[in-house]
file entry.cif (mmCIF, C-alpha atoms)
data_final
#
loop_
_atom_site.label_atom_id
_atom_site.label_comp_id
_atom_site.auth_asym_id
_atom_site.auth_seq_id
_atom_site.Cartn_x
_atom_site.Cartn_y
_atom_site.Cartn_z
CA MET B 1 196.03 68.20 -77.89
CA THR B 2 196.97 65.72 -75.18
CA GLU B 3 195.30 67.25 -72.16
CA VAL B 4 191.57 66.62 -71.75
CA GLU B 5 189.40 69.60 -72.50
CA TYR B 6 186.49 70.53 -70.31
CA HIS B 7 183.73 73.05 -70.85
CA PRO B 8 184.01 75.94 -68.34
CA LYS B 9 180.71 74.79 -66.84
CA HIS B 10 181.66 71.10 -66.57
CA GLU B 11 181.34 71.08 -62.78
CA LEU B 12 177.82 72.49 -62.95
CA ILE B 13 176.40 70.29 -65.71
CA ARG B 14 176.00 66.53 -65.95
CA GLU B 15 178.33 66.11 -68.89
CA GLU B 16 177.73 62.39 -69.27
CA ARG B 17 174.14 63.15 -70.35
CA PHE B 18 175.13 65.42 -73.23
CA PRO B 19 174.19 65.96 -76.06
CA HIS B 20 170.83 66.87 -74.57
CA VAL B 21 167.35 65.99 -75.86
CA TRP B 22 166.34 69.43 -77.15
CA CYS B 23 165.93 70.06 -80.87
CA PRO B 24 168.51 71.95 -82.97
CA GLY B 25 167.87 75.67 -82.49
CA CYS B 26 166.01 75.31 -79.20
CA GLY B 27 166.86 78.11 -76.77
CA LEU B 28 166.61 76.10 -73.58
CA GLY B 29 170.32 75.28 -73.52
CA ILE B 30 171.10 79.02 -73.55
CA GLU B 31 168.67 79.51 -70.67
CA LEU B 32 170.41 76.77 -68.67
CA GLN B 33 173.78 78.35 -69.37
CA CYS B 34 172.55 81.79 -68.25
CA TYR B 35 171.20 80.28 -65.02
CA LEU B 36 174.52 78.52 -64.34
CA ASN B 37 176.47 81.72 -65.06
CA ALA B 38 174.29 83.60 -62.58
CA LEU B 39 174.66 80.78 -60.05
CA GLU B 40 178.45 81.00 -60.30
CA LYS B 41 178.36 84.75 -59.71
CA SER B 42 175.84 84.60 -56.86
CA GLY B 43 178.35 83.52 -54.20
CA ILE B 44 175.83 81.09 -52.71
CA PRO B 45 177.40 77.60 -52.39
CA GLN B 46 176.40 75.09 -55.06
CA ASN B 47 174.94 72.79 -52.37
CA ASN B 48 172.42 75.44 -51.31
CA HIS B 49 170.90 75.85 -54.76
CA VAL B 50 167.89 73.73 -55.64
CA LEU B 51 166.26 73.55 -59.05
CA VAL B 52 162.62 72.44 -59.32
CA SER B 53 160.57 71.90 -62.46
CA GLY B 54 157.25 70.51 -63.60
CA ILE B 55 156.61 68.71 -66.88
CA GLY B 56 157.56 69.77 -70.39
CA CYS B 57 160.59 70.47 -72.54
CA THR B 58 161.79 73.22 -70.19
CA ALA B 59 161.28 70.91 -67.24
CA ARG B 60 164.11 68.75 -68.56
CA ILE B 61 166.59 71.52 -67.61
CA PRO B 62 167.14 70.24 -64.01
CA GLY B 63 168.20 66.89 -65.46
CA TYR B 64 171.30 68.55 -66.92
CA ALA B 65 172.28 70.71 -63.93
CA ASN B 66 174.64 69.13 -61.43
CA LEU B 67 172.69 70.40 -58.40
CA ASP B 68 169.98 69.03 -56.15
CA THR B 69 167.20 68.98 -58.71
CA TYR B 70 163.60 67.82 -58.67
CA HIS B 71 161.34 66.93 -61.58
CA THR B 72 157.82 67.06 -60.15
CA THR B 73 154.30 66.42 -61.42
CA HIS B 74 152.64 68.58 -64.07
CA GLY B 75 152.11 72.16 -62.91
CA ARG B 76 153.07 71.39 -59.31
CA GLY B 77 156.61 72.71 -59.28
CA LEU B 78 155.61 75.80 -57.28
CA PRO B 79 153.80 74.02 -54.38
CA PHE B 80 156.70 71.61 -54.17
CA ALA B 81 159.21 74.45 -54.05
CA THR B 82 157.08 76.34 -51.52
CA GLY B 83 157.18 73.37 -49.15
CA MET B 84 160.92 73.01 -49.60
CA LYS B 85 161.59 76.68 -48.90
CA ILE B 86 159.43 76.68 -45.73
CA ALA B 87 161.10 73.51 -44.44
CA ASN B 88 164.62 74.82 -45.07
CA PRO B 89 164.79 78.60 -45.56
CA ASP B 90 168.56 78.46 -46.14
CA LEU B 91 168.05 77.00 -49.60
CA LYS B 92 167.91 79.15 -52.73
CA VAL B 93 165.02 77.51 -54.54
CA THR B 94 164.54 78.17 -58.26
CA VAL B 95 161.55 76.96 -60.24
CA ILE B 96 162.31 76.67 -63.94
CA SER B 97 159.44 75.57 -66.15
CA GLY B 98 157.53 76.29 -69.30
CA ASP B 99 154.55 78.53 -69.95
CA GLY B 100 152.20 75.55 -70.27
CA ASP B 101 153.32 74.13 -66.97
CA LEU B 102 153.38 77.36 -64.93
CA PHE B 103 150.39 79.20 -66.40
CA ASN B 104 148.03 76.68 -67.94
CA ILE B 105 147.86 73.68 -65.67
CA GLY B 106 149.69 75.36 -62.78
CA GLY B 107 148.17 78.83 -63.11
CA ASN B 108 146.42 78.71 -59.76
CA HIS B 109 149.59 77.74 -57.95
CA PHE B 110 151.40 80.64 -59.59
CA ILE B 111 148.72 83.10 -58.48
CA HIS B 112 148.93 82.01 -54.88
CA ALA B 113 152.71 81.77 -54.71
CA ALA B 114 152.95 85.35 -56.02
CA ARG B 115 150.18 86.57 -53.70
CA ARG B 116 152.02 85.16 -50.65
CA ASN B 117 155.28 86.65 -51.97
CA MET B 118 156.99 83.32 -51.41
CA ASP B 119 160.78 83.55 -51.49
CA LEU B 120 161.21 81.78 -54.82
CA LEU B 121 162.85 82.57 -58.12
CA VAL B 122 160.59 81.56 -61.01
CA ILE B 123 162.03 81.39 -64.52
CA CYS B 124 159.28 80.81 -67.07
CA SER B 125 160.39 79.81 -70.53
CA ASN B 126 157.79 81.03 -73.01
CA ASN B 127 157.86 79.44 -76.46
CA PHE B 128 154.23 80.32 -77.31
CA ASN B 129 152.94 76.75 -77.57
CA TYR B 130 152.98 73.26 -76.06
CA GLY B 131 156.28 72.13 -77.53
CA MET B 132 156.59 68.64 -76.12
CA THR B 133 153.20 67.39 -77.31
CA GLY B 134 153.51 68.65 -80.89
CA GLY B 135 152.83 72.40 -80.94
CA GLN B 136 149.22 72.88 -79.80
CA HIS B 137 148.14 76.41 -78.92
CA GLY B 138 148.02 77.52 -75.31
CA SER B 139 147.34 80.61 -73.25
CA THR B 140 150.49 82.37 -74.45
CA THR B 141 150.05 81.86 -78.22
CA PRO B 142 149.97 85.30 -79.91
CA LEU B 143 146.85 86.40 -81.77
CA THR B 144 146.45 85.07 -85.37
CA SER B 145 149.56 82.89 -85.13
CA LYS B 146 149.20 79.31 -86.27
CA SER B 147 149.74 76.12 -84.31
CA ALA B 148 148.91 72.42 -84.60
CA SER B 149 145.43 73.01 -83.11
CA THR B 150 144.77 76.45 -84.65
CA PRO B 151 145.62 75.94 -88.36
CA TYR B 152 143.62 79.03 -89.42
CA GLY B 153 145.10 81.32 -86.76
CA ASN B 154 144.59 81.75 -83.05
CA ILE B 155 141.63 83.91 -81.98
CA GLU B 156 142.28 83.94 -78.23
CA PRO B 157 143.99 86.93 -76.61
CA THR B 158 147.21 86.04 -74.77
CA PHE B 159 148.29 86.21 -71.19
CA ASN B 160 150.51 89.16 -70.37
CA LEU B 161 152.78 87.37 -67.93
CA PRO B 162 154.78 90.29 -66.40
CA TYR B 163 151.54 92.20 -65.86
CA ILE B 164 149.95 89.25 -64.03
CA ALA B 165 153.02 88.77 -61.82
CA SER B 166 153.24 92.46 -61.03
CA ALA B 167 149.52 92.77 -60.26
CA LEU B 168 149.81 89.89 -57.80
CA GLY B 169 152.58 91.69 -55.94
CA ALA B 170 155.75 89.94 -57.06
CA SER B 171 158.93 91.62 -55.78
CA TYR B 172 160.83 91.32 -59.04
CA VAL B 173 159.51 91.05 -62.60
CA ALA B 174 161.54 90.93 -65.80
CA ARG B 175 161.30 89.71 -69.37
CA TRP B 176 164.17 88.80 -71.72
CA THR B 177 164.75 86.58 -74.71
CA VAL B 178 167.49 83.97 -75.14
CA MET B 179 168.95 86.35 -77.75
CA HIS B 180 170.01 88.56 -74.79
CA PRO B 181 172.15 86.09 -72.79
CA ARG B 182 174.14 88.71 -70.88
CA GLN B 183 171.14 90.75 -69.83
CA LEU B 184 169.32 87.55 -68.85
CA THR B 185 172.28 86.40 -66.74
CA LYS B 186 172.39 89.78 -64.99
CA SER B 187 168.67 89.65 -64.41
CA ILE B 188 168.79 86.14 -62.87
CA ARG B 189 171.75 87.24 -60.74
CA THR B 190 169.76 90.23 -59.43
CA ALA B 191 166.69 88.09 -58.83
CA MET B 192 168.71 85.63 -56.73
CA ASP B 193 169.25 88.38 -54.14
CA VAL B 194 165.62 89.54 -54.09
CA LYS B 195 163.61 88.78 -50.97
CA GLY B 196 160.22 87.58 -52.09
CA PHE B 197 158.76 86.34 -55.34
CA ALA B 198 160.96 86.95 -58.38
CA PHE B 199 159.57 86.24 -61.83
CA ILE B 200 161.52 86.23 -65.10
CA GLU B 201 159.86 85.46 -68.42
CA VAL B 202 162.28 84.17 -71.06
CA LEU B 203 161.17 84.07 -74.69
CA SER B 204 162.69 81.10 -76.44
CA PRO B 205 162.43 79.86 -80.03
CA CYS B 206 160.71 76.55 -80.80
CA PRO B 207 161.75 75.86 -84.43
CA PRO B 208 160.04 72.49 -85.12
CA ASN B 209 156.64 73.56 -83.76
CA PHE B 210 155.86 77.25 -83.39
CA GLY B 211 158.51 78.23 -85.93
CA LYS B 212 157.45 75.70 -88.54
CA PHE B 213 153.76 76.66 -88.36
CA ASN B 214 154.50 80.38 -88.62
CA GLY B 215 156.85 80.38 -91.57
CA PHE B 216 160.25 80.40 -89.87
CA LYS B 217 162.58 78.10 -91.75
CA ASP B 218 164.86 77.31 -88.82
CA GLY B 219 165.79 78.39 -85.32
CA PHE B 220 168.07 81.14 -86.57
CA GLU B 221 165.24 82.87 -88.48
CA GLU B 222 163.05 82.80 -85.40
CA MET B 223 165.91 84.12 -83.28
CA GLU B 224 166.47 86.95 -85.77
CA PHE B 225 162.77 87.74 -85.63
CA TYR B 226 162.94 88.10 -81.84
CA ARG B 227 166.08 90.20 -82.10
CA LYS B 228 164.61 92.58 -84.65
CA SER B 229 161.20 92.97 -83.04
CA SER B 230 162.32 93.42 -79.43
CA VAL B 231 163.01 96.71 -77.66
CA VAL B 232 164.38 97.24 -74.15
CA GLN B 233 162.25 99.56 -72.06
CA ASN B 234 162.65 99.16 -68.32
CA ASP B 235 159.95 101.66 -67.35
CA ALA B 236 157.29 100.30 -69.72
CA LYS B 237 153.64 100.35 -68.66
CA LEU B 238 153.03 96.70 -67.95
CA GLU B 239 149.44 96.64 -69.17
CA ASP B 240 150.60 97.55 -72.68
CA ILE B 241 153.31 94.94 -73.14
CA SER B 242 151.34 91.87 -74.16
CA ILE B 243 153.08 89.94 -76.93
CA ASP B 244 151.59 90.58 -80.36
CA PRO B 245 154.53 90.55 -82.80
CA PHE B 246 152.56 89.58 -85.91
CA HIS B 247 150.77 92.94 -86.03
CA GLY B 248 153.88 95.09 -86.02
CA LYS B 249 153.96 95.50 -82.24
CA ASP B 250 157.38 95.44 -80.59
CA ILE B 251 158.23 92.86 -77.95
CA VAL B 252 159.08 94.95 -74.88
CA LEU B 253 161.90 93.60 -72.71
CA GLY B 254 163.43 94.84 -69.50
CA ASP B 255 163.67 94.64 -65.71
CA PHE B 256 160.24 96.04 -65.02
CA VAL B 257 159.64 95.76 -61.28
CA ASN B 258 162.06 95.59 -58.34
CA ARG B 259 160.31 96.56 -55.12
CA LYS B 260 160.55 95.80 -51.43
CA ARG B 261 157.59 93.93 -50.03
CA ALA B 262 157.47 91.73 -46.92
CA SER B 263 158.12 88.17 -47.99
CA TYR B 264 156.40 85.07 -46.64
CA ILE B 265 159.47 83.64 -44.91
CA THR B 266 160.22 86.98 -43.17
CA LEU B 267 156.64 87.27 -41.89
CA GLU B 268 156.58 83.64 -40.81
CA HIS B 269 159.78 83.97 -38.81
CA GLU B 270 158.57 87.19 -37.20
CA LEU B 271 155.41 85.38 -36.16
CA ILE B 272 157.33 82.43 -34.71
CA ASP B 273 159.63 84.75 -32.74
CA ARG B 274 156.65 86.68 -31.39
CA ILE B 275 154.76 83.57 -30.23
CA ARG B 276 157.89 82.02 -28.70
CA GLY B 277 158.55 85.28 -26.86
CA GLY B 278 155.17 84.95 -25.15
CA GLY B 279 153.25 87.42 -27.33
CA GLN B 280 149.91 86.85 -28.97
CA MET R 1 207.43 109.87 -78.82
CA ILE R 2 204.16 108.98 -80.46
CA LYS R 3 203.81 105.35 -81.39
CA GLU R 4 202.47 104.34 -84.73
CA PRO R 5 199.13 102.55 -84.25
CA LYS R 6 199.17 98.97 -85.39
CA ILE R 7 196.00 98.04 -87.22
CA SER R 8 195.42 94.32 -87.46
CA GLU R 9 193.08 92.79 -90.00
CA ASN R 10 190.21 92.22 -87.54
CA GLN R 11 190.03 95.85 -86.43
CA ARG R 12 187.46 97.97 -88.12
CA GLU R 13 188.44 101.27 -89.67
CA ILE R 14 189.41 103.79 -86.99
CA TRP R 15 187.96 107.22 -87.64
CA ARG R 16 189.63 108.93 -84.72
CA GLU R 17 192.79 107.70 -83.12
CA PRO R 18 192.70 107.55 -79.31
CA VAL R 19 195.71 109.16 -77.60
CA ASN R 20 196.62 106.00 -75.67
CA PHE R 21 196.02 103.67 -78.61
CA GLY R 22 199.46 102.08 -78.60
CA ARG R 23 199.09 100.87 -75.01
CA PHE R 24 196.27 98.46 -75.79
CA ALA R 25 196.43 95.18 -77.63
CA VAL R 26 193.48 93.46 -79.29
CA PRO R 27 192.55 90.42 -77.18
CA LYS R 28 193.01 87.05 -78.79
CA GLY R 29 190.86 83.99 -78.25
CA GLU R 30 191.32 80.29 -78.71
CA ILE R 31 188.16 78.39 -79.71
CA HIS R 32 187.50 74.89 -78.39
CA ILE R 33 184.74 72.81 -80.00
CA PHE R 34 183.10 69.51 -78.99
CA PRO R 35 182.01 68.26 -82.46
CA GLU R 36 179.86 65.42 -81.06
CA ARG R 37 177.57 67.87 -79.22
CA CYS R 38 176.97 70.27 -82.12
CA LYS R 39 173.46 70.19 -83.60
CA GLU R 40 173.98 72.54 -86.55
CA CYS R 41 171.70 75.32 -85.27
CA ASN R 42 173.92 77.94 -86.98
CA TYR R 43 173.70 80.43 -84.10
CA CYS R 44 177.48 80.71 -83.58
CA THR R 45 178.32 80.93 -87.28
CA ASN R 46 175.77 83.71 -87.77
CA TYR R 47 176.30 85.70 -84.59
CA CYS R 48 180.11 85.67 -84.50
CA PRO R 49 181.02 89.34 -85.10
CA ASN R 50 184.18 88.41 -87.00
CA GLN R 51 182.74 85.43 -88.94
CA VAL R 52 185.41 83.11 -87.55
CA LEU R 53 183.28 79.93 -87.66
CA GLU R 54 181.83 77.83 -90.47
CA ARG R 55 180.12 74.45 -91.01
CA SER R 56 182.56 71.65 -91.69
CA PRO R 57 181.84 69.10 -94.44
CA GLU R 58 182.44 66.26 -91.97
CA VAL R 59 179.55 64.55 -90.22
CA ASN R 60 179.38 63.63 -86.53
CA VAL R 61 177.77 60.45 -85.13
CA TYR R 62 174.32 62.07 -85.01
CA GLY R 63 174.48 63.16 -88.67
CA TYR R 64 175.08 66.87 -88.11
CA HIS R 65 177.83 68.97 -89.67
CA PRO R 66 179.69 70.40 -86.68
CA VAL R 67 181.21 73.88 -86.75
CA ARG R 68 184.91 74.53 -87.22
CA VAL R 69 187.24 77.50 -87.29
CA ARG R 70 187.78 78.99 -90.73
CA GLU R 71 191.29 78.42 -92.02
CA ASP R 72 191.71 82.01 -93.21
CA LYS R 73 190.39 83.53 -89.96
CA LYS R 74 192.37 81.50 -87.44
CA ASP R 75 193.79 84.57 -85.72
CA SER R 76 190.66 86.73 -85.93
CA CYS R 77 188.96 85.61 -82.70
CA VAL R 78 188.90 88.46 -80.18
CA ALA R 79 187.51 86.34 -77.28
CA CYS R 80 184.21 88.22 -77.07
CA GLY R 81 182.49 85.02 -75.92
CA MET R 82 179.38 85.44 -78.09
CA CYS R 83 179.58 81.90 -79.54
CA GLN R 84 179.93 80.42 -76.07
CA SER R 85 176.98 82.28 -74.59
CA ILE R 86 174.69 81.71 -77.60
CA CYS R 87 175.43 77.97 -77.98
CA PRO R 88 172.46 75.95 -76.68
CA ASP R 89 174.44 72.70 -76.67
CA PHE R 90 177.51 73.59 -74.54
CA ALA R 91 179.52 72.58 -77.61
CA ILE R 92 181.89 75.54 -77.91
CA PHE R 93 183.94 77.66 -75.55
CA VAL R 94 186.57 80.35 -75.83
CA LYS R 95 189.73 80.82 -73.81
CA GLU R 96 191.52 84.11 -73.91
CA VAL R 97 195.17 83.79 -74.86
CA LYS R 98 197.58 86.00 -72.97
CA ILE R 99 199.45 88.25 -75.37
CA GLN R 100 203.09 88.82 -74.44
#
call {"tool": "encode", "arguments": {"input": "entry.cif", "output": "structure tokens"}}
result
Amino acid sequence: MTEVEYHPKHELIREERFPHVWCPGCGLGIELQCYLNALEKSGIPQNNHVLVSGIGCTARIPGYANLDTYHTTHGRGLPFATGMKIANPDLKVTVISGDGDLFNIGGNHFIHAARRNMDLLVICSNNFNYGMTGGQHGSTTPLTSKSASTPYGNIEPTFNLPYIASALGASYVARWTVMHPRQLTKSIRTAMDVKGFAFIEVLSPCPPNFGKFNGFKDGFEEMEFYRKSSVVQNDAKLEDISIDPFHGKDIVLGDFVNRKRASYITLEHELIDRIRGGGQ
Amino acid sequence: MIKEPKISENQREIWREPVNFGRFAVPKGEIHIFPERCKECNYCTNYCPNQVLERSPEVNVYGYHPVRVREDKKDSCVACGMCQSICPDFAIFVKEVKIQ
């Protein structure tokens, strides 16, 4: 073929940097593609989208998106994004980072961003371990599953991320896996229109670390495991949906919460208008 | 006049014939692959509903066997887009071919 072929997303990705650094079978590329699909459908100009991340495998995603992107210090993606959104409320700021970054080192920032109902979209990629440093266990590792630092099985109960986000008052809460690319795209698209804090947990396979320690031969086996053990239940009781797939419990997916709650930017602008108008 | 339904090889068995069956054509897709980006994760070969793709015996510069379209299933792609949306490496995409 004489004409040059381009991927349909070639204007949104930095093609000169491909192939990317992620391992064969890693789901992060699918997550990036879902985000870009949602971005295309959102109708917001490409220049108004900003992608912020912390440190980790997932935090390499902004490096491949042809947007204004920021790779910040470990766990501090949310404070950085908060500052950016307050300074320029016209931007659509998305924080995309891993479970270790958002909930272990940056857990406090997550709590306070959700409590304020900051106008941010947070996509948390959950691969159940610290992938970049060699597969140590973290706060999202399921019970009895093995990792580099828990060779006899993990004894710590896990974080239930949608439940935390919902309890803190987030406007939008959802959970999907990378095996559900269309549902995930739709979910990100919906969350882009939400006023307030939107949180999406994305379960993603990590074949060389979590998969290897738990008896999955390759990424495909782990993906099949997620596909077979996941059920979609949008009205699930959030306190019951912690991830425990190694004891026969289903992984519950869905768009759990979508509610209207006054967001930080709305309240801030109301306050400014009131003070400027001579009120108290 | 009732048209005879045409059943191509990639259609599954039809247990009940819709009344307007003859008015619809099965969509056809054209698969484009970037062999240098493929990392042999096997997602597209396994999740393609018509098993159109397979590993090729050739090796790319990074030592992986990139995917290719199976010779006997060249016309079986129905442009569902599953391989494109499940590929983590942006290495494959599908264009729908307009049927005359």
call {"tool": "atom_distance", "arguments": {"input": "entry.cif", "atom1": "atom CA of B:Thr73", "atom2": "atom CA of B:Gly54"}}
result
5.5 Å
call {"tool": "interface_residues", "arguments": {"input": "entry.cif", "of": "chain R", "to": "chain B", "cutoff": "10 Å", "atoms": "all atoms listed in the file", "output": "ChimeraX atom specification"}}
result
/R:32-34,36-44,46-47,62,64,82,84-95
call {"tool": "write_last_selection", "arguments": {"input": "entry.cif", "atoms": "C-alpha atoms", "output": "PDB file, keeping the file's coordinate frame"}}
result
ATOM      1  CA  HIS R  32     187.500  74.890 -78.390  1.00  0.00           C
ATOM      2  CA  ILE R  33     184.740  72.810 -80.000  1.00  0.00           C
ATOM      3  CA  PHE R  34     183.100  69.510 -78.990  1.00  0.00           C
ATOM      4  CA  GLU R  36     179.860  65.420 -81.060  1.00  0.00           C
ATOM      5  CA  ARG R  37     177.570  67.870 -79.220  1.00  0.00           C
ATOM      6  CA  CYS R  38     176.970  70.270 -82.120  1.00  0.00           C
ATOM      7  CA  LYS R  39     173.460  70.190 -83.600  1.00  0.00           C
ATOM      8  CA  GLU R  40     173.980  72.540 -86.550  1.00  0.00           C
ATOM      9  CA  CYS R  41     171.700  75.320 -85.270  1.00  0.00           C
ATOM     10  CA  ASN R  42     173.920  77.940 -86.980  1.00  0.00           C
ATOM     11  CA  TYR R  43     173.700  80.430 -84.100  1.00  0.00           C
ATOM     12  CA  CYS R  44     177.480  80.710 -83.580  1.00  0.00           C
ATOM     13  CA  ASN R  46     175.770  83.710 -87.770  1.00  0.00           C
ATOM     14  CA  TYR R  47     176.300  85.700 -84.590  1.00  0.00           C
ATOM     15  CA  TYR R  62     174.320  62.070 -85.010  1.00  0.00           C
ATOM     16  CA  TYR R  64     175.080  66.870 -88.110  1.00  0.00           C
ATOM     17  CA  MET R  82     179.380  85.440 -78.090  1.00  0.00           C
ATOM     18  CA  GLN R  84     179.930  80.420 -76.070  1.00  0.00           C
ATOM     19  CA  SER R  85     176.980  82.280 -74.590  1.00  0.00           C
ATOM     20  CA  ILE R  86     174.690  81.710 -77.600  1.00  0.00           C
ATOM     21  CA  CYS R  87     175.430  77.970 -77.980  1.00  0.00           C
ATOM     22  CA  PRO R  88     172.460  75.950 -76.680  1.00  0.00           C
ATOM     23  CA  ASP R  89     174.440  72.700 -76.670  1.00  0.00           C
ATOM     24  CA  PHE R  90     177.510  73.590 -74.540  1.00  0.00           C
ATOM     25  CA  ALA R  91     179.520  72.580 -77.610  1.00  0.00           C
ATOM     26  CA  ILE R  92     181.890  75.540 -77.910  1.00  0.00           C
ATOM     27  CA  PHE R  93     183.940  77.660 -75.550  1.00  0.00           C
ATOM     28  CA  VAL R  94     186.570  80.350 -75.830  1.00  0.00           C
ATOM     29  CA  LYS R  95     189.730  80.820 -73.810  1.00  0.00           C
TER      30      LYS R  95
END
call {"tool": "residues_around", "arguments": {"input": "entry.cif", "residues": "R:Val78", "least_positions_apart": "2", "cutoff": "9 Å", "atoms": "all atoms listed in the file", "output": "list in words"}}
result
Asn10, Val26, Pro27, Lys28, Gly29, Glu30, Asn50, Asp75, Ser76, Cys80, Gly81 and Glu96 of chain R
call {"tool": "residues_around", "arguments": {"input": "entry.cif", "residues": "B:Phe103", "least_positions_apart": "6", "cutoff": "10 Å", "atoms": "all atoms listed in the file", "output": "PyMOL selection string"}}
result
chain B and resi 75+97+109-111+124+138-140+159+161
call {"tool": "write_last_selection", "arguments": {"input": "entry.cif", "atoms": "C-alpha atoms", "output": "mmCIF file, keeping the file's coordinate frame"}}
result
data_model
loop_
_atom_site.group_PDB
_atom_site.id
_atom_site.type_symbol
_atom_site.label_atom_id
_atom_site.label_comp_id
_atom_site.auth_asym_id
_atom_site.auth_seq_id
_atom_site.Cartn_x
_atom_site.Cartn_y
_atom_site.Cartn_z
ATOM 1 C CA GLY B 75 152.110 72.160 -62.910
ATOM 2 C CA SER B 97 159.440 75.570 -66.150
ATOM 3 C CA HIS B 109 149.590 77.740 -57.950
ATOM 4 C CA PHE B 110 151.400 80.640 -59.590
ATOM 5 C CA ILE B 111 148.720 83.100 -58.480
ATOM 6 C CA CYS B 124 159.280 80.810 -67.070
ATOM 7 C CA GLY B 138 148.020 77.520 -75.310
ATOM 8 C CA SER B 139 147.340 80.610 -73.250
ATOM 9 C CA THR B 140 150.490 82.370 -74.450
ATOM 10 C CA PHE B 159 148.290 86.210 -71.190
ATOM 11 C CA LEU B 161 152.780 87.370 -67.930
#
call {"tool": "atom_distance", "arguments": {"input": "entry.cif", "atom1": "atom CA of B:Gly196", "atom2": "atom CA of B:Thr177"}}
result
23.1 Å
call {"tool": "atom_distance", "arguments": {"input": "entry.cif", "atom1": "atom CA of B:Lys212", "atom2": "atom CA of B:Thr144"}}
result
14.8 Å
call {"tool": "resolve_selection", "arguments": {"input": "entry.cif", "expression": "the PyMOL selection byres ((chain R and resi 68) around 8)", "output": "list in words"}}
result
Ile33, Leu53, Glu54, Arg55, Ser56, Pro66, Val67, Val69 and Arg70 of chain R
call {"tool": "write_last_selection", "arguments": {"input": "entry.cif", "atoms": "C-alpha atoms", "output": "PDB file, in the coordinates of the input"}}
result
ATOM      1  CA  ILE R  33     184.740  72.810 -80.000  1.00  0.00           C
ATOM      2  CA  LEU R  53     183.280  79.930 -87.660  1.00  0.00           C
ATOM      3  CA  GLU R  54     181.830  77.830 -90.470  1.00  0.00           C
ATOM      4  CA  ARG R  55     180.120  74.450 -91.010  1.00  0.00           C
ATOM      5  CA  SER R  56     182.560  71.650 -91.690  1.00  0.00           C
ATOM      6  CA  PRO R  66     179.690  70.400 -86.680  1.00  0.00           C
ATOM      7  CA  VAL R  67     181.210  73.880 -86.750  1.00  0.00           C
ATOM      8  CA  VAL R  69     187.240  77.500 -87.290  1.00  0.00           C
ATOM      9  CA  ARG R  70     187.780  78.990 -90.730  1.00  0.00           C
TER      10      ARG R  70
END
call {"tool": "resolve_selection", "arguments": {"input": "entry.cif", "expression": "the PyMOL selection byres ((chain B and resi 98) around 9)", "output": "ChimeraX atom specification"}}
result
/B:53-59,96-97,99-103,123-127,130
call {"tool": "resolve_selection", "arguments": {"input": "entry.cif", "expression": "the PyMOL selection byres ((chain B and resi 193) around 12)", "output": "VMD selection string"}}
result
chain B and resid 38 to 39 41 to 44 92 to 94 119 to 121 171 to 172 186 to 192 194 to 198 258 260
call {"tool": "build_atoms", "arguments": {"input": "entry.cif", "residues": "stretch 201-212 of chain B", "atoms": "N, CA and C atoms", "output": "PDB file, in the frame of the given file"}}
result
ATOM      1  N   GLU B 201     160.382  86.134 -67.226  1.00  0.00           N
ATOM      2  CA  GLU B 201     159.860  85.460 -68.420  1.00  0.00           C
ATOM      3  C   GLU B 201     160.957  85.457 -69.470  1.00  0.00           C
ATOM      4  N   VAL B 202     161.234  84.297 -70.038  1.00  0.00           N
ATOM      5  CA  VAL B 202     162.280  84.170 -71.060  1.00  0.00           C
ATOM      6  C   VAL B 202     161.635  83.687 -72.346  1.00  0.00           C
ATOM      7  N   LEU B 203     161.724  84.489 -73.396  1.00  0.00           N
ATOM      8  CA  LEU B 203     161.170  84.070 -74.690  1.00  0.00           C
ATOM      9  C   LEU B 203     162.208  83.220 -75.398  1.00  0.00           C
ATOM     10  N   SER B 204     161.748  82.071 -75.883  1.00  0.00           N
ATOM     11  CA  SER B 204     162.690  81.100 -76.440  1.00  0.00           C
ATOM     12  C   SER B 204     162.122  80.553 -77.742  1.00  0.00           C
ATOM     13  N   PRO B 205     162.948  80.380 -78.771  1.00  0.00           N
ATOM     14  CA  PRO B 205     162.430  79.860 -80.030  1.00  0.00           C
ATOM     15  C   PRO B 205     162.091  78.367 -79.945  1.00  0.00           C
ATOM     16  N   CYS B 206     161.099  77.951 -80.718  1.00  0.00           N
ATOM     17  CA  CYS B 206     160.710  76.550 -80.800  1.00  0.00           C
ATOM     18  C   CYS B 206     160.606  76.196 -82.281  1.00  0.00           C
ATOM     19  N   PRO B 207     161.758  75.973 -82.963  1.00  0.00           N
ATOM     20  CA  PRO B 207     161.750  75.860 -84.430  1.00  0.00           C
ATOM     21  C   PRO B 207     160.861  74.749 -84.994  1.00  0.00           C
ATOM     22  N   PRO B 208     160.836  73.518 -84.441  1.00  0.00           N
ATOM     23  CA  PRO B 208     160.040  72.490 -85.120  1.00  0.00           C
ATOM     24  C   PRO B 208     158.540  72.628 -84.924  1.00  0.00           C
ATOM     25  N   ASN B 209     158.079  73.413 -83.958  1.00  0.00           N
ATOM     26  CA  ASN B 209     156.640  73.560 -83.760  1.00  0.00           C
ATOM     27  C   ASN B 209     156.154  74.971 -84.088  1.00  0.00           C
ATOM     28  N   PHE B 210     156.362  75.893 -83.159  1.00  0.00           N
ATOM     29  CA  PHE B 210     155.860  77.250 -83.390  1.00  0.00           C
ATOM     30  C   PHE B 210     156.501  77.873 -84.624  1.00  0.00           C
ATOM     31  N   GLY B 211     157.810  77.662 -84.789  1.00  0.00           N
ATOM     32  CA  GLY B 211     158.510  78.230 -85.930  1.00  0.00           C
ATOM     33  C   GLY B 211     158.013  77.674 -87.246  1.00  0.00           C
ATOM     34  N   LYS B 212     157.853  76.352 -87.296  1.00  0.00           N
ATOM     35  CA  LYS B 212     157.450  75.700 -88.540  1.00  0.00           C
ATOM     36  C   LYS B 212     156.052  76.168 -88.977  1.00  0.00           C
TER      37      LYS B 212
END
